[in-house]
Amino acid sequence: MNKWIVVYFAFLFSGFLSAEESNQFEIGKQKAKVCMTCHGADGIALIDPYPNLRGQRASYLVSALKDYKSRERTSGLAILMQQQADTLSNQDMKDIAYYYSMLGSESQDKME
């Protein structure tokens with residue numbers, strides 16, 4: 001295959017991923033509105049005992065949400081998060097985690 005055709009398709013594919021990522025960021029942002037009450041609109045917690053979510057790894061956030069939902073996390077204010085996690089589907093968790101993981105990154109700056 002011609003080298004330029006490969007480069008062209010790689011360029012198109014990278015644009016598609018960026019649009020898809022931008023869409024997931026916006027979806028996650030909408031789904032995270034309830035989270036913002038405690039964790040802040042910018043992912044910096046408004047209340048001292050609550051963790052900052054800005055820039056956290058998405059895989060960590062998904063794992064934490066699943067642990068709350070399954071009642072594996074029980075310390076501190078876990079009951080509040082358990083109630084929130086109970087309402088989330090696996091896709092909701094992925095979207096919200098993606099949103100918070102991208103906050104503050106160069107990629108996020110390009111999306112907004």
# chains A, B, ... in the order shown; residues from 1 in each chain; ligands from 1

call {"tool": "residues_around", "arguments": {"residues": "A:Lys94", "least_positions_apart": "4", "cutoff": "7 Å", "atoms": "only C-alpha atoms", "output": "JSON, numbers by chain"}}
result
{"A": [62, 90, 98]}

call {"tool": "atom_distance", "arguments": {"atom1": "atom CA of A:Gly104", "atom2": "atom CA of A:Asp86"}}
result
27.6 Å

call {"tool": "atom_distance", "arguments": {"atom1": "atom CA of A:Arg71", "atom2": "atom CA of A:Met36"}}
result
22.1 Å

call {"tool": "closest_residue", "arguments": {"among": "A:Tyr50, A:Ala41, A:Gln91, A:Lys31", "to": "A:Ala78", "atoms": "only C-alpha atoms"}}
result
A:Tyr50

call {"tool": "residues_around", "arguments": {"residues": "stretch 66-69 of chain A", "least_positions_apart": "2", "cutoff": "10 Å", "atoms": "only C-alpha atoms", "output": "PyMOL selection string"}}
result
chain A and resi 60-64+71-74+78-90+93

call {"tool": "atom_distance", "arguments": {"atom1": "atom CA of A:Gly28", "atom2": "atom CA of A:Ser75"}}
result
26.3 Å
